[in-house]
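**Q** As input, take upload_36.cif (mmCIF, C-alpha atoms):
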data_input
loop_
_atom_site.group_PDB
_atom_site.id
_atom_site.type_symbol
_atom_site.label_atom_id
_atom_site.label_comp_id
_atom_site.auth_asym_id
_atom_site.auth_seq_id
_atom_site.Cartn_x
_atom_site.Cartn_y
_atom_site.Cartn_z
ATOM 1 C CA MET Q 1 2.227 12.544 -3.811
ATOM 2 C CA GLY Q 2 0.726 13.364 -0.441
ATOM 3 C CA VAL Q 3 -1.688 15.477 1.549
ATOM 4 C CA ARG Q 4 -0.938 17.198 4.833
ATOM 5 C CA LEU Q 5 -2.932 16.539 7.996
ATOM 6 C CA ASP Q 6 -2.037 18.677 10.984
ATOM 7 C CA ARG Q 7 -0.449 16.817 13.934
ATOM 8 C CA VAL Q 8 -2.922 18.329 16.401
ATOM 9 C CA VAL Q 9 -5.836 17.215 14.241
ATOM 10 C CA LEU Q 10 -4.356 13.721 14.060
ATOM 11 C CA VAL Q 11 -4.073 13.408 17.827
ATOM 12 C CA THR Q 12 -7.604 14.761 18.220
ATOM 13 C CA LEU Q 13 -8.925 12.128 15.791
ATOM 14 C CA VAL Q 14 -7.414 9.411 17.966
ATOM 15 C CA LEU Q 15 -8.729 10.750 21.262
ATOM 16 C CA VAL Q 16 -12.306 11.684 20.293
ATOM 17 C CA VAL Q 17 -14.868 9.394 21.923
ATOM 18 C CA ALA Q 18 -16.758 7.414 19.282
ATOM 19 C CA GLY Q 19 -20.134 8.062 20.892
ATOM 20 C CA ALA Q 20 -19.703 11.805 20.497
ATOM 21 C CA ILE Q 21 -19.257 11.629 16.737
ATOM 22 C CA SER Q 22 -22.175 12.756 14.612
ATOM 23 C CA GLN Q 23 -23.641 10.323 12.088
ATOM 24 C CA ALA Q 24 -21.411 10.030 9.034
ATOM 25 C CA ARG Q 25 -22.778 10.420 5.517
ATOM 26 C CA GLU Q 26 -23.697 7.516 3.293
ATOM 27 C CA PRO Q 27 -21.031 5.983 1.035
ATOM 28 C CA SER Q 28 -22.491 7.552 -2.106
ATOM 29 C CA ASP Q 29 -21.495 10.959 -0.717
ATOM 30 C CA PHE Q 30 -17.882 9.827 -0.498
ATOM 31 C CA VAL Q 31 -17.453 8.605 -4.058
ATOM 32 C CA GLN Q 32 -15.076 11.467 -4.898
ATOM 33 C CA GLU Q 33 -13.227 11.096 -1.580
ATOM 34 C CA LYS Q 34 -12.235 7.426 -1.787
ATOM 35 C CA LEU Q 35 -8.609 8.155 -2.691
ATOM 36 C CA VAL Q 36 -7.332 9.085 0.737
ATOM 37 C CA LYS Q 37 -4.084 10.561 -0.577
ATOM 38 C CA ARG Q 38 -6.042 13.224 -2.471
ATOM 39 C CA ALA Q 39 -8.587 14.000 0.240
ATOM 40 C CA ASP Q 40 -8.368 17.323 2.048
ATOM 41 C CA GLU Q 41 -8.321 17.619 5.823
ATOM 42 C CA ALA Q 42 -12.119 17.886 6.170
ATOM 43 C CA SER Q 43 -12.686 14.818 3.990
ATOM 44 C CA ARG Q 44 -10.113 12.833 5.955
ATOM 45 C CA SER Q 45 -11.918 13.718 9.153
ATOM 46 C CA LYS Q 46 -15.116 12.377 7.608
ATOM 47 C CA LEU Q 47 -13.350 9.161 6.600
ATOM 48 C CA ALA Q 48 -12.294 8.655 10.221
ATOM 49 C CA LYS Q 49 -15.864 9.350 11.368
ATOM 50 C CA TYR Q 50 -17.224 6.850 8.876
ATOM 51 C CA TYR Q 51 -14.839 4.229 10.226
ATOM 52 C CA ARG Q 52 -15.833 4.856 13.822
ATOM 53 C CA THR Q 53 -19.535 4.850 13.028
ATOM 54 C CA HIS Q 54 -19.620 1.726 10.852
ATOM 55 C CA ALA Q 55 -16.663 -0.498 11.767
ATOM 56 C CA LYS Q 56 -16.727 -3.527 14.028
ATOM 57 C CA VAL Q 57 -13.272 -5.025 14.045
ATOM 58 C CA ARG Q 58 -11.593 -8.302 14.877
ATOM 59 C CA LEU Q 59 -8.038 -8.093 16.211
ATOM 60 C CA GLY Q 60 -5.284 -10.099 14.571
ATOM 61 C CA ARG Q 61 -2.223 -11.488 16.291
ATOM 62 C CA GLU Q 62 0.593 -9.148 17.200
ATOM 63 C CA HIS Q 63 3.750 -8.940 15.093
ATOM 64 C CA ARG Q 64 7.043 -7.258 15.927
ATOM 65 C CA LEU Q 65 9.619 -5.612 13.690
ATOM 66 C CA ALA Q 66 13.332 -6.104 14.285
ATOM 67 C CA ASN Q 67 13.570 -2.657 15.905
ATOM 68 C CA GLY Q 68 10.945 -3.617 18.525
ATOM 69 C CA VAL Q 69 7.900 -1.811 17.106
ATOM 70 C CA ALA Q 70 4.782 -3.998 17.423
ATOM 71 C CA TRP Q 71 1.727 -3.994 15.156
ATOM 72 C CA ARG Q 72 -1.377 -6.016 14.346
ATOM 73 C CA LEU Q 73 -4.075 -6.149 11.687
ATOM 74 C CA LEU Q 74 -7.652 -5.053 12.358
ATOM 75 C CA THR Q 75 -10.344 -6.654 10.174
ATOM 76 C CA ASP Q 76 -13.829 -5.189 9.823
ATOM 77 C CA VAL Q 77 -16.112 -8.198 10.280
ATOM 78 C CA ARG Q 78 -18.861 -6.865 7.961
ATOM 79 C CA THR Q 79 -16.800 -5.862 4.936
ATOM 80 C CA GLY Q 80 -13.571 -7.798 5.502
ATOM 81 C CA ALA Q 81 -11.574 -4.557 5.111
ATOM 82 C CA VAL Q 82 -8.132 -4.870 6.712
ATOM 83 C CA ALA Q 83 -5.735 -2.190 7.943
ATOM 84 C CA PRO Q 84 -2.816 -2.246 10.400
ATOM 85 C CA ARG Q 85 -2.411 -0.509 13.755
ATOM 86 C CA ILE Q 86 0.740 0.074 15.781
ATOM 87 C CA THR Q 87 0.412 -1.538 19.221
ATOM 88 C CA TRP Q 88 3.749 -0.492 20.727
ATOM 89 C CA MET Q 89 6.333 2.128 19.907
ATOM 90 C CA ALA Q 90 8.723 3.920 22.250
ATOM 91 C CA ASP Q 91 7.348 7.287 21.105
ATOM 92 C CA ARG Q 92 3.684 7.165 22.153
ATOM 93 C CA GLU Q 93 2.700 10.348 20.311
ATOM 94 C CA SER Q 94 4.068 8.940 17.053
ATOM 95 C CA MET Q 95 2.102 5.742 17.631
ATOM 96 C CA LEU Q 96 -1.098 7.781 18.050
ATOM 97 C CA LEU Q 97 -0.350 9.773 14.899
ATOM 98 C CA ALA Q 98 0.275 6.607 12.880
ATOM 99 C CA ASN Q 99 -2.914 4.976 14.097
ATOM 100 C CA ALA Q 100 -4.922 8.106 13.290
ATOM 101 C CA LEU Q 101 -3.747 7.853 9.688
ATOM 102 C CA PHE Q 102 -4.435 4.100 9.624
ATOM 103 C CA GLU Q 103 -7.962 4.792 10.880
ATOM 104 C CA ILE Q 104 -8.535 7.161 7.959
ATOM 105 C CA ILE Q 105 -7.188 4.546 5.545
ATOM 106 C CA HIS Q 106 -9.442 1.898 7.096
ATOM 107 C CA GLY Q 107 -12.437 4.200 6.675
ATOM 108 C CA GLU Q 108 -11.543 4.594 3.014
ATOM 109 C CA GLU Q 109 -11.495 0.807 2.554
ATOM 110 C CA ILE Q 110 -14.885 0.339 4.235
ATOM 111 C CA ILE Q 111 -16.409 3.095 2.104
ATOM 112 C CA ASP Q 112 -14.970 1.487 -1.016
ATOM 113 C CA TYR Q 113 -16.731 -1.775 -0.087
ATOM 114 C CA ASP Q 114 -20.019 0.003 0.686
ATOM 115 C CA TRP Q 115 -19.944 1.903 -2.581
ATOM 116 C CA ARG Q 116 -19.360 -1.284 -4.580
ATOM 117 C CA ASP Q 117 -22.185 -2.937 -2.670
ATOM 118 C CA LEU Q 118 -24.578 -0.095 -3.469
ATOM 119 C CA GLU Q 119 -23.705 -0.394 -7.151
ATOM 120 C CA ARG Q 120 -24.234 -4.161 -7.032
ATOM 121 C CA ARG Q 121 -27.655 -3.859 -5.391
ATOM 122 C CA HIS Q 122 -28.721 -1.140 -7.825
ATOM 123 C CA THR Q 123 -27.728 -3.367 -10.755
ATOM 124 C CA GLU Q 124 -29.645 -6.362 -9.325
ATOM 125 C CA LEU Q 125 -32.809 -4.286 -8.927
ATOM 126 C CA TYR Q 126 -32.905 -2.189 -12.081
ATOM 127 C CA ARG Q 127 -30.895 -3.824 -14.872
ATOM 128 C CA TRP Q 128 -32.912 -6.927 -15.716
ATOM 129 C CA GLU Q 129 -33.063 -7.805 -19.424
ATOM 130 C CA GLY Q 130 -35.650 -10.053 -21.057
ATOM 131 C CA GLY Q 131 -36.914 -11.179 -17.683
ATOM 132 C CA TYR Q 132 -33.465 -12.339 -16.580
ATOM 133 C CA PRO Q 133 -31.428 -10.912 -13.732
ATOM 134 C CA PRO Q 134 -28.092 -9.277 -14.558
ATOM 135 C CA TYR Q 135 -24.779 -10.887 -13.799
ATOM 136 C CA VAL Q 136 -23.136 -9.258 -10.804
ATOM 137 C CA ILE Q 137 -20.031 -9.906 -8.743
ATOM 138 C CA LYS Q 138 -21.099 -10.593 -5.199
ATOM 139 C CA PRO Q 139 -19.078 -9.966 -2.043
ATOM 140 C CA PRO Q 140 -16.243 -10.176 -1.365
ATOM 141 C CA TYR Q 141 -15.254 -7.713 -4.060
ATOM 142 C CA THR Q 142 -11.632 -7.739 -3.002
ATOM 143 C CA VAL Q 143 -9.483 -10.025 -0.858
ATOM 144 C CA GLN Q 144 -6.522 -8.432 0.887
ATOM 145 C CA GLU Q 145 -4.078 -11.303 0.586
ATOM 146 C CA LYS Q 146 -1.027 -9.734 2.243
ATOM 147 C CA VAL Q 147 -1.091 -6.676 4.511
ATOM 148 C CA ALA Q 148 1.915 -5.846 6.675
ATOM 149 C CA VAL Q 149 3.726 -3.016 8.387
ATOM 150 C CA THR Q 150 7.269 -3.183 7.030
ATOM 151 C CA TYR Q 151 8.979 -0.138 8.573
ATOM 152 C CA ALA Q 152 8.179 1.956 11.630
ATOM 153 C CA THR Q 153 10.060 4.684 13.456
ATOM 154 C CA SER Q 154 8.977 7.815 15.285
ATOM 155 C CA ARG Q 155 9.198 9.636 11.926
ATOM 156 C CA LEU Q 156 8.054 7.186 9.228
ATOM 157 C CA VAL Q 157 5.733 4.169 9.002
ATOM 158 C CA SER Q 158 5.479 2.088 5.828
ATOM 159 C CA TYR Q 159 3.093 -0.724 4.924
ATOM 160 C CA VAL Q 160 2.114 -2.834 1.922
ATOM 161 C CA ASP Q 161 -1.264 -4.249 0.922
ATOM 162 C CA VAL Q 162 -1.424 -6.833 -1.889
ATOM 163 C CA THR Q 163 -5.074 -7.257 -2.855
ATOM 164 C CA HIS Q 164 -6.818 -9.705 -5.170
ATOM 165 C CA GLU Q 165 -9.590 -7.823 -6.950
ATOM 166 C CA VAL Q 166 -12.482 -10.100 -7.969
ATOM 167 C CA ARG Q 167 -13.345 -9.597 -11.652
ATOM 168 C CA GLU Q 168 -15.657 -11.276 -14.107
ATOM 169 C CA ILE Q 169 -13.079 -12.844 -16.404
ATOM 170 C CA SER Q 170 -9.573 -11.834 -15.320
ATOM 171 C CA MET Q 171 -7.386 -11.700 -12.242
ATOM 172 C CA GLY Q 172 -6.886 -8.251 -10.818
ATOM 173 C CA ILE Q 173 -3.968 -7.395 -8.542
ATOM 174 C CA VAL Q 174 -3.808 -4.117 -6.653
ATOM 175 C CA VAL Q 175 -0.615 -3.308 -4.754
ATOM 176 C CA VAL Q 176 -1.033 -0.438 -2.304
ATOM 177 C CA GLU Q 177 2.226 0.835 -0.805
ATOM 178 C CA ARG Q 178 2.217 3.872 1.408
ATOM 179 C CA VAL Q 179 4.585 5.715 3.690
ATOM 180 C CA LEU Q 180 3.107 7.733 6.544
ATOM 181 C CA ASP Q 181 5.179 10.822 7.343
ATOM 182 C CA LEU Q 182 4.265 11.304 11.002
ATOM 183 C CA GLU Q 183 6.030 14.646 11.335
ATOM 184 C CA GLN Q 184 4.080 16.257 8.491
ATOM 185 C CA GLY Q 185 0.926 14.131 8.586
ATOM 186 C CA ILE Q 186 1.290 13.204 4.915
ATOM 187 C CA ILE Q 187 0.585 9.875 3.197
ATOM 188 C CA HIS Q 188 3.089 9.202 0.403
ATOM 189 C CA SER Q 189 3.560 6.669 -2.370
ATOM 190 C CA ILE Q 190 5.484 6.531 -5.639
ATOM 191 C CA SER Q 191 4.531 9.365 -7.984
ATOM 192 C CA SER Q 192 5.515 10.835 -11.333
ATOM 193 C CA CYS Q 193 7.915 13.727 -11.510
ATOM 194 C CA PRO Q 194 6.502 17.225 -12.141
ATOM 195 C CA GLY Q 195 5.634 17.820 -15.776
ATOM 196 C CA SER Q 196 5.861 14.153 -16.765
ATOM 197 C CA GLY Q 197 2.122 13.411 -16.703
ATOM 198 C CA CYS Q 198 1.523 9.659 -16.779
ATOM 199 C CA ASP Q 199 5.056 8.889 -17.954
ATOM 200 C CA SER Q 200 6.395 5.963 -15.920
ATOM 201 C CA SER Q 201 10.005 6.385 -17.066
ATOM 202 C CA ASN Q 202 10.769 8.592 -14.057
ATOM 203 C CA PHE Q 203 9.472 8.791 -10.527
ATOM 204 C CA ARG Q 204 9.717 10.163 -7.032
ATOM 205 C CA PHE Q 205 9.238 8.220 -3.837
ATOM 206 C CA GLY Q 206 8.115 10.554 -1.098
ATOM 207 C CA GLU Q 207 10.922 12.693 0.271
ATOM 208 C CA LEU Q 208 13.485 9.916 -0.214
ATOM 209 C CA LEU Q 209 14.135 9.105 -3.873
ATOM 210 C CA ASP Q 210 14.258 11.495 -6.809
ATOM 211 C CA VAL Q 211 14.707 9.653 -10.121
ATOM 212 C CA CYS Q 212 13.494 12.332 -12.500
ATOM 213 C CA ASP Q 213 16.098 12.483 -15.281
ATOM 214 C CA ASP Q 214 16.741 9.868 -17.933
ATOM 215 C CA GLU Q 215 20.239 8.989 -16.750
ATOM 216 C CA ALA Q 216 19.134 8.471 -13.124
ATOM 217 C CA TYR Q 217 16.205 6.344 -14.267
ATOM 218 C CA LYS Q 218 18.479 4.186 -16.433
ATOM 219 C CA ARG Q 219 20.922 3.656 -13.539
ATOM 220 C CA PHE Q 220 18.112 2.789 -11.136
ATOM 221 C CA MET Q 221 16.485 0.296 -13.501
ATOM 222 C CA THR Q 222 19.862 -1.327 -14.190
ATOM 223 C CA LEU Q 223 20.467 -1.714 -10.437
ATOM 224 C CA TRP Q 224 17.028 -3.237 -9.904
ATOM 225 C CA SER Q 225 16.977 -5.532 -12.959
ATOM 226 C CA ASP Q 226 20.483 -6.869 -12.228
ATOM 227 C CA LYS Q 227 19.404 -7.833 -8.727
ATOM 228 C CA VAL Q 228 16.270 -9.520 -10.101
ATOM 229 C CA ARG Q 229 18.367 -11.591 -12.499
ATOM 230 C CA GLN Q 230 20.757 -12.525 -9.692
ATOM 231 C CA ALA Q 231 17.804 -13.595 -7.526
ATOM 232 C CA ILE Q 232 16.396 -15.777 -10.328
ATOM 233 C CA ALA Q 233 19.808 -17.406 -10.875
ATOM 234 C CA LYS Q 234 20.188 -18.117 -7.147
ATOM 235 C CA ALA Q 235 16.683 -19.610 -7.038
ATOM 236 C CA ARG Q 236 17.580 -21.917 -9.933
ATOM 237 C CA ILE Q 237 20.783 -23.083 -8.217
ATOM 238 C CA ARG Q 238 19.087 -23.944 -4.922
ATOM 239 C CA GLY Q 239 16.139 -25.637 -6.628
ATOM 240 C CA ASP Q 240 13.517 -23.038 -5.712
ATOM 241 C CA GLY Q 241 11.293 -23.720 -8.695
ATOM 242 C CA ARG Q 242 8.482 -21.420 -7.597
ATOM 243 C CA SER Q 243 10.724 -18.344 -7.343
ATOM 244 C CA GLU Q 244 12.436 -19.224 -10.616
ATOM 245 C CA GLU Q 245 9.151 -19.680 -12.475
ATOM 246 C CA CYS Q 246 7.593 -16.510 -11.053
ATOM 247 C CA GLY Q 247 10.739 -14.515 -11.794
ATOM 248 C CA GLU Q 248 10.746 -15.636 -15.402
ATOM 249 C CA SER Q 249 7.030 -14.845 -15.663
ATOM 250 C CA MET Q 250 7.588 -11.154 -15.008
ATOM 251 C CA GLU Q 251 7.427 -8.798 -17.979
ATOM 252 C CA PRO Q 252 10.829 -8.212 -19.637
ATOM 253 C CA LEU Q 253 13.018 -6.325 -17.173
ATOM 254 C CA ASP Q 254 14.033 -3.799 -19.834
ATOM 255 C CA LYS Q 255 10.425 -2.884 -20.598
ATOM 256 C CA GLU Q 256 10.298 0.874 -21.143
ATOM 257 C CA ARG Q 257 7.126 1.583 -19.168
ATOM 258 C CA ARG Q 258 6.306 -0.605 -16.204
ATOM 259 C CA GLY Q 259 4.388 -0.622 -12.959
ATOM 260 C CA LEU Q 260 6.519 -0.629 -9.830
ATOM 261 C CA ALA Q 261 5.474 -0.311 -6.202
ATOM 262 C CA PHE Q 262 7.868 0.822 -3.467
ATOM 263 C CA TYR Q 263 7.728 0.470 0.288
ATOM 264 C CA LEU Q 264 10.240 0.842 3.087
ATOM 265 C CA THR Q 265 11.741 -2.004 5.072
ATOM 266 C CA LEU Q 266 14.328 -1.752 7.840
ATOM 267 C CA ALA Q 267 16.982 -3.140 5.457
ATOM 268 C CA GLY Q 268 16.150 -1.125 2.339
ATOM 269 C CA VAL Q 269 13.462 -0.182 -0.171
ATOM 270 C CA ALA Q 270 11.330 -3.085 -1.417
ATOM 271 C CA VAL Q 271 10.712 -2.800 -5.166
ATOM 272 C CA PHE Q 272 7.630 -4.765 -6.260
ATOM 273 C CA ASN Q 273 7.157 -5.468 -9.965
ATOM 274 C CA LYS Q 274 3.432 -5.414 -10.783
ATOM 275 C CA ASP Q 275 3.866 -6.551 -14.405
ATOM 276 C CA TRP Q 276 3.395 -10.276 -15.132
ATOM 277 C CA TRP Q 277 2.931 -12.290 -18.314
ATOM 278 C CA PRO Q 278 0.810 -14.232 -18.933
ATOM 279 C CA ASN Q 279 -1.921 -12.683 -16.803
ATOM 280 C CA ILE Q 280 -2.433 -15.898 -14.807
ATOM 281 C CA ALA Q 281 1.114 -15.471 -13.453
ATOM 282 C CA LYS Q 282 -0.233 -12.722 -11.199
ATOM 283 C CA TYR Q 283 -0.890 -15.451 -8.638
ATOM 284 C CA CYS Q 284 2.835 -15.130 -7.878
ATOM 285 C CA ALA Q 285 2.075 -11.885 -6.057
ATOM 286 C CA PHE Q 286 0.357 -13.830 -3.279
ATOM 287 C CA TYR Q 287 3.272 -16.059 -2.273
ATOM 288 C CA ASP Q 288 5.119 -15.167 0.915
ATOM 289 C CA ASP Q 289 8.306 -17.078 0.157
ATOM 290 C CA LEU Q 290 9.301 -15.616 -3.230
ATOM 291 C CA THR Q 291 12.865 -14.330 -3.388
ATOM 292 C CA VAL Q 292 12.567 -12.587 -6.765
ATOM 293 C CA ASN Q 293 9.734 -10.114 -6.164
ATOM 294 C CA PRO Q 294 9.883 -7.851 -4.291
ATOM 295 C CA ILE Q 295 13.602 -7.132 -4.422
ATOM 296 C CA ILE Q 296 15.201 -5.243 -1.538
ATOM 297 C CA LEU Q 297 17.594 -2.486 -2.600
ATOM 298 C CA THR Q 298 19.682 -1.548 0.419
ATOM 299 C CA TYR Q 299 19.824 2.048 1.567
ATOM 300 C CA GLN Q 300 23.557 2.061 0.869
ATOM 301 C CA GLU Q 301 22.884 1.071 -2.763
ATOM 302 C CA LEU Q 302 20.198 3.744 -3.068
ATOM 303 C CA GLU Q 303 22.172 6.571 -1.468
ATOM 304 C CA PRO Q 304 23.133 8.118 -4.858
ATOM 305 C CA PHE Q 305 19.414 8.584 -5.621
ATOM 306 C CA MET Q 306 18.413 9.960 -2.219
ATOM 307 C CA LYS Q 307 17.306 13.495 -1.522
ATOM 308 C CA PRO Q 308 18.885 15.147 1.524
ATOM 309 C CA GLY Q 309 16.547 15.561 4.476
ATOM 310 C CA PRO Q 310 14.887 13.774 7.406
ATOM 311 C CA TRP Q 311 13.714 10.756 5.371
ATOM 312 C CA ARG Q 312 17.269 10.057 4.235
ATOM 313 C CA ASP Q 313 18.586 10.474 7.772
ATOM 314 C CA ASP Q 314 15.911 8.150 9.180
ATOM 315 C CA VAL Q 315 16.374 5.263 6.729
ATOM 316 C CA LEU Q 316 20.178 5.418 6.749
ATOM 317 C CA ARG Q 317 20.152 5.283 10.541
ATOM 318 C CA GLN Q 318 17.880 2.231 10.457
ATOM 319 C CA GLY Q 319 19.971 0.641 7.714
ATOM 320 C CA ARG Q 320 23.162 1.027 9.736
ATOM 321 C CA THR Q 321 21.451 -0.426 12.808
ATOM 322 C CA MET Q 322 20.277 -3.469 10.827
ATOM 323 C CA SER Q 323 23.721 -4.056 9.294
ATOM 324 C CA ARG Q 324 25.244 -4.313 12.775
ATOM 325 C CA ARG Q 325 22.811 -7.012 13.907
#
Re-express the file's structure as structure tokens.
**A**
Amino acid sequence: MGVRLDRVVLVTLVLVVAGAISQAREPSDFVQEKLVKRADEASRSKLAKYYRTHAKVRLGREHRLANGVAWRLLTDVRTGAVAPRITWMADRESMLLANALFEIIHGEEIIDYDWRDLERRHTELYRWEGGYPPYVIKPPYTVQEKVAVTYATSRLVSYVDVTHEVREISMGIVVVERVLDLEQGIIHSISSCPGSGCDSSNFRFGELLDVCDDEAYKRFMTLWSDKVRQAIAKARIRGDGRSEECGESMEPLDKERRGLAFYLTLAGVAVFNKDWWPNIAKYCAFYDDLTVNPIILTYQELEPFMKPGPWRDDVLRQGRTMSRR
């Protein structure tokens, strides 16, 4: 799933002076545009304008990937919305293109906060019952626990955002995993195959993986679940109780319909299992040192599922480079 944004438009979005941008609309006007993957080019431009008009950011410390690409997190001090930016890449134009897309994504996150805040204030003012104020969830509405750039080349940039959604009675986990195709200006994530509707027993991952028939899906799930079981066994042997417990708290690995999130790393595709039982076990998603979730499937292992094209060429080249280190 993805939407194209012209490369020239992307560069223009980066270079426009903030003071020259007209006043963006209020968040209520963006309620149908919050899903940045589905927004058209005009709406994406408005998301970038909203970011530049409303954001005031704090810079995080710089991180560096094994291939030398540097990045940092930017946090909006008013809403707490977090999104990455590339700070160094050998290809400067690709860096500008990536950051233009990240700016759009950041604008989406700020609008999401502002829309929730409008709803909260409306409820506080107008939904009193029997002289008593209504119960409302106050800010922060979400806490982005883990946000990181995990893969970056002049062609593709991938990042993951694991967010704790504040709810009244339950723990909500939202895992956002996106791949930015800098050549086409498209934001990708895992999606269903054509004609399958909401069926989760097949999927596509951008222009890289095509697991649309039953046999391919069965082989992929066997590969993934075997590696999960191996990781749990290794955790048990070395006394890593946290990884063992969290691994065993995932939904059964042979569950027919499950929620998976994919993102690129330099070594392979990270497969994140979003299904936990009991619900409280979702806290496992916030640990940085788990070895059971996500599981990295190397590009060599995934080659039978790959579609030919520039994505395949890019990740295999990075995979070979990493294996020689």
**Q** Excluding segment 209-219 of chain Q and residues on its chain fewer than 4 positions from it, collect all residues at most 12 Å away from it, counting all atoms listed in the file, and give them as a PyMOL selection string.
**A** chain Q and resi 188-196+199-205+223-226+253-257+262-264+269+299+301-309+311-312+315
**Q** Next, dump the selected residues to file, keeping only C-alpha atoms, as an mmCIF file, in the frame of the given file.
**A**
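The new file part_0.cif reads:
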data_model
loop_
_atom_site.group_PDB
_atom_site.id
_atom_site.type_symbol
_atom_site.label_atom_id
_atom_site.label_comp_id
_atom_site.auth_asym_id
_atom_site.auth_seq_id
_atom_site.Cartn_x
_atom_site.Cartn_y
_atom_site.Cartn_z
ATOM 1 C CA HIS Q 188 3.089 9.202 0.403
ATOM 2 C CA SER Q 189 3.560 6.669 -2.370
ATOM 3 C CA ILE Q 190 5.484 6.531 -5.639
ATOM 4 C CA SER Q 191 4.531 9.365 -7.984
ATOM 5 C CA SER Q 192 5.515 10.835 -11.333
ATOM 6 C CA CYS Q 193 7.915 13.727 -11.510
ATOM 7 C CA PRO Q 194 6.502 17.225 -12.141
ATOM 8 C CA GLY Q 195 5.634 17.820 -15.776
ATOM 9 C CA SER Q 196 5.861 14.153 -16.765
ATOM 10 C CA ASP Q 199 5.056 8.889 -17.954
ATOM 11 C CA SER Q 200 6.395 5.963 -15.920
ATOM 12 C CA SER Q 201 10.005 6.385 -17.066
ATOM 13 C CA ASN Q 202 10.769 8.592 -14.057
ATOM 14 C CA PHE Q 203 9.472 8.791 -10.527
ATOM 15 C CA ARG Q 204 9.717 10.163 -7.032
ATOM 16 C CA PHE Q 205 9.238 8.220 -3.837
ATOM 17 C CA LEU Q 223 20.467 -1.714 -10.437
ATOM 18 C CA TRP Q 224 17.028 -3.237 -9.904
ATOM 19 C CA SER Q 225 16.977 -5.532 -12.959
ATOM 20 C CA ASP Q 226 20.483 -6.869 -12.228
ATOM 21 C CA LEU Q 253 13.018 -6.325 -17.173
ATOM 22 C CA ASP Q 254 14.033 -3.799 -19.834
ATOM 23 C CA LYS Q 255 10.425 -2.884 -20.598
ATOM 24 C CA GLU Q 256 10.298 0.874 -21.143
ATOM 25 C CA ARG Q 257 7.126 1.583 -19.168
ATOM 26 C CA PHE Q 262 7.868 0.822 -3.467
ATOM 27 C CA TYR Q 263 7.728 0.470 0.288
ATOM 28 C CA LEU Q 264 10.240 0.842 3.087
ATOM 29 C CA VAL Q 269 13.462 -0.182 -0.171
ATOM 30 C CA TYR Q 299 19.824 2.048 1.567
ATOM 31 C CA GLU Q 301 22.884 1.071 -2.763
ATOM 32 C CA LEU Q 302 20.198 3.744 -3.068
ATOM 33 C CA GLU Q 303 22.172 6.571 -1.468
ATOM 34 C CA PRO Q 304 23.133 8.118 -4.858
ATOM 35 C CA PHE Q 305 19.414 8.584 -5.621
ATOM 36 C CA MET Q 306 18.413 9.960 -2.219
ATOM 37 C CA LYS Q 307 17.306 13.495 -1.522
ATOM 38 C CA PRO Q 308 18.885 15.147 1.524
ATOM 39 C CA GLY Q 309 16.547 15.561 4.476
ATOM 40 C CA TRP Q 311 13.714 10.756 5.371
ATOM 41 C CA ARG Q 312 17.269 10.057 4.235
ATOM 42 C CA VAL Q 315 16.374 5.263 6.729
#
**Q** Which residues match the PyMOL selection byres ((chain Q and resi 289) around 12) in the file above, as a list in words?
**A**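 Evaluating the PyMOL selection byres ((chain Q and resi 289) around 12) on these coordinates yields Ala235, Asp240, Gly241, Arg242, Ser243, Glu244, Cys246, Cys284, Ala285, Phe286, Tyr287, Asp288, Leu290, Thr291, Val292, Asn293 and Pro294 of chain Q.
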**Q** Name the closest residue to Val271 of chain Q among the candidates Q:Leu180, Q:Val82, Q:Val175, Q:Leu316; distances are taken between atoms, counting all atoms listed in the file.
**A**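 Selected residue with least distance to Val271 of chain Q: Q:Val175.
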**Q** For Leu74 of chain Q, which residue among Q:Ile137, Q:Ala267, Q:Val147, Q:Leu125 is the nearest when counting all atoms listed in the file?
**A**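 With all atoms listed in the file as the atom set, the closest residue is Q:Val147.
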**Q** On this file, the PyMOL selection byres ((chain Q and resi 62) around 9) gives some set of residues; write that set as a list in words.
**A**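 So the PyMOL selection byres ((chain Q and resi 62) around 9), applied here, picks out Leu59, Gly60, Arg61, His63, Arg64, Ala70, Trp71, Arg72, Leu73 and Thr87 of chain Q.
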**Q** Please identify all polymer residues lying at most 10 Å from the point (-13.5, 8.6, 8.9) (file coordinates), using all atoms listed in the file, and present the result as number ranges by chain.
**A** Q: 13, 24, 42-54, 100-101, 103-108, 110-111
**Q** Rank Q:Leu96, Q:Asn67, Q:Arg236, Q:Phe220 by their smallest atom-to-atom distance to Thr321 of chain Q, using all atoms listed in the file, and report the top residue only.
**A**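 Using all atoms listed in the file, the shortest distance to Thr321 of chain Q belongs to Q:Asn67.
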**Q** Enumerate, as a ChimeraX atom specification, the residues matched when the PyMOL selection byres ((chain Q and resi 136) around 8) is run on the file above.
**A** /Q:120,123-124,134-135,137-138
**Q** Quick one: pull the distance between atom CA of Gly130 of chain Q and atom CA of Glu168 of chain Q, Å, one decimal.
**A**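 Value for the atom CA of Gly130 of chain Q-atom CA of Glu168 of chain Q distance: 21.2 Å.
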**Q** Could you work out how far atom CA of Tyr159 of chain Q lies from atom CA of Lys146 of chain Q, giving the answer in Å with one decimal?
**A** 10.3 Å
**Q** Which one is closest to Arg320 of chain Q: Q:Ala148, Q:Gly268, Q:Glu177, Q:Tyr283? Count only C-alpha atoms.
**A**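 Smallest distance to Arg320 of chain Q is found for Q:Gly268.
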**Q** Report the distance between atom CA of Gly172 of chain Q and atom CA of Thr142 of chain Q in Å, rounded to one decimal place.
**A**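 Computing the Euclidean distance for atom CA of Gly172 of chain Q and atom CA of Thr142 of chain Q yields 9.2 Å.
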**Q** Quick one: residues within 6 Å of Val57 of chain Q, only C-alpha atoms counted, chain neighbours fewer than 4 positions away excluded, as number ranges by chain?
**A** Q: 74-77
**Q** Which is closest to Gly259 of chain Q among Q:Val228, Q:Ile173, Q:Ala281, Q:Ile237, if we use all atoms listed in the file?
**A**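 With all atoms listed in the file as the atom set, the closest residue is Q:Ile173.
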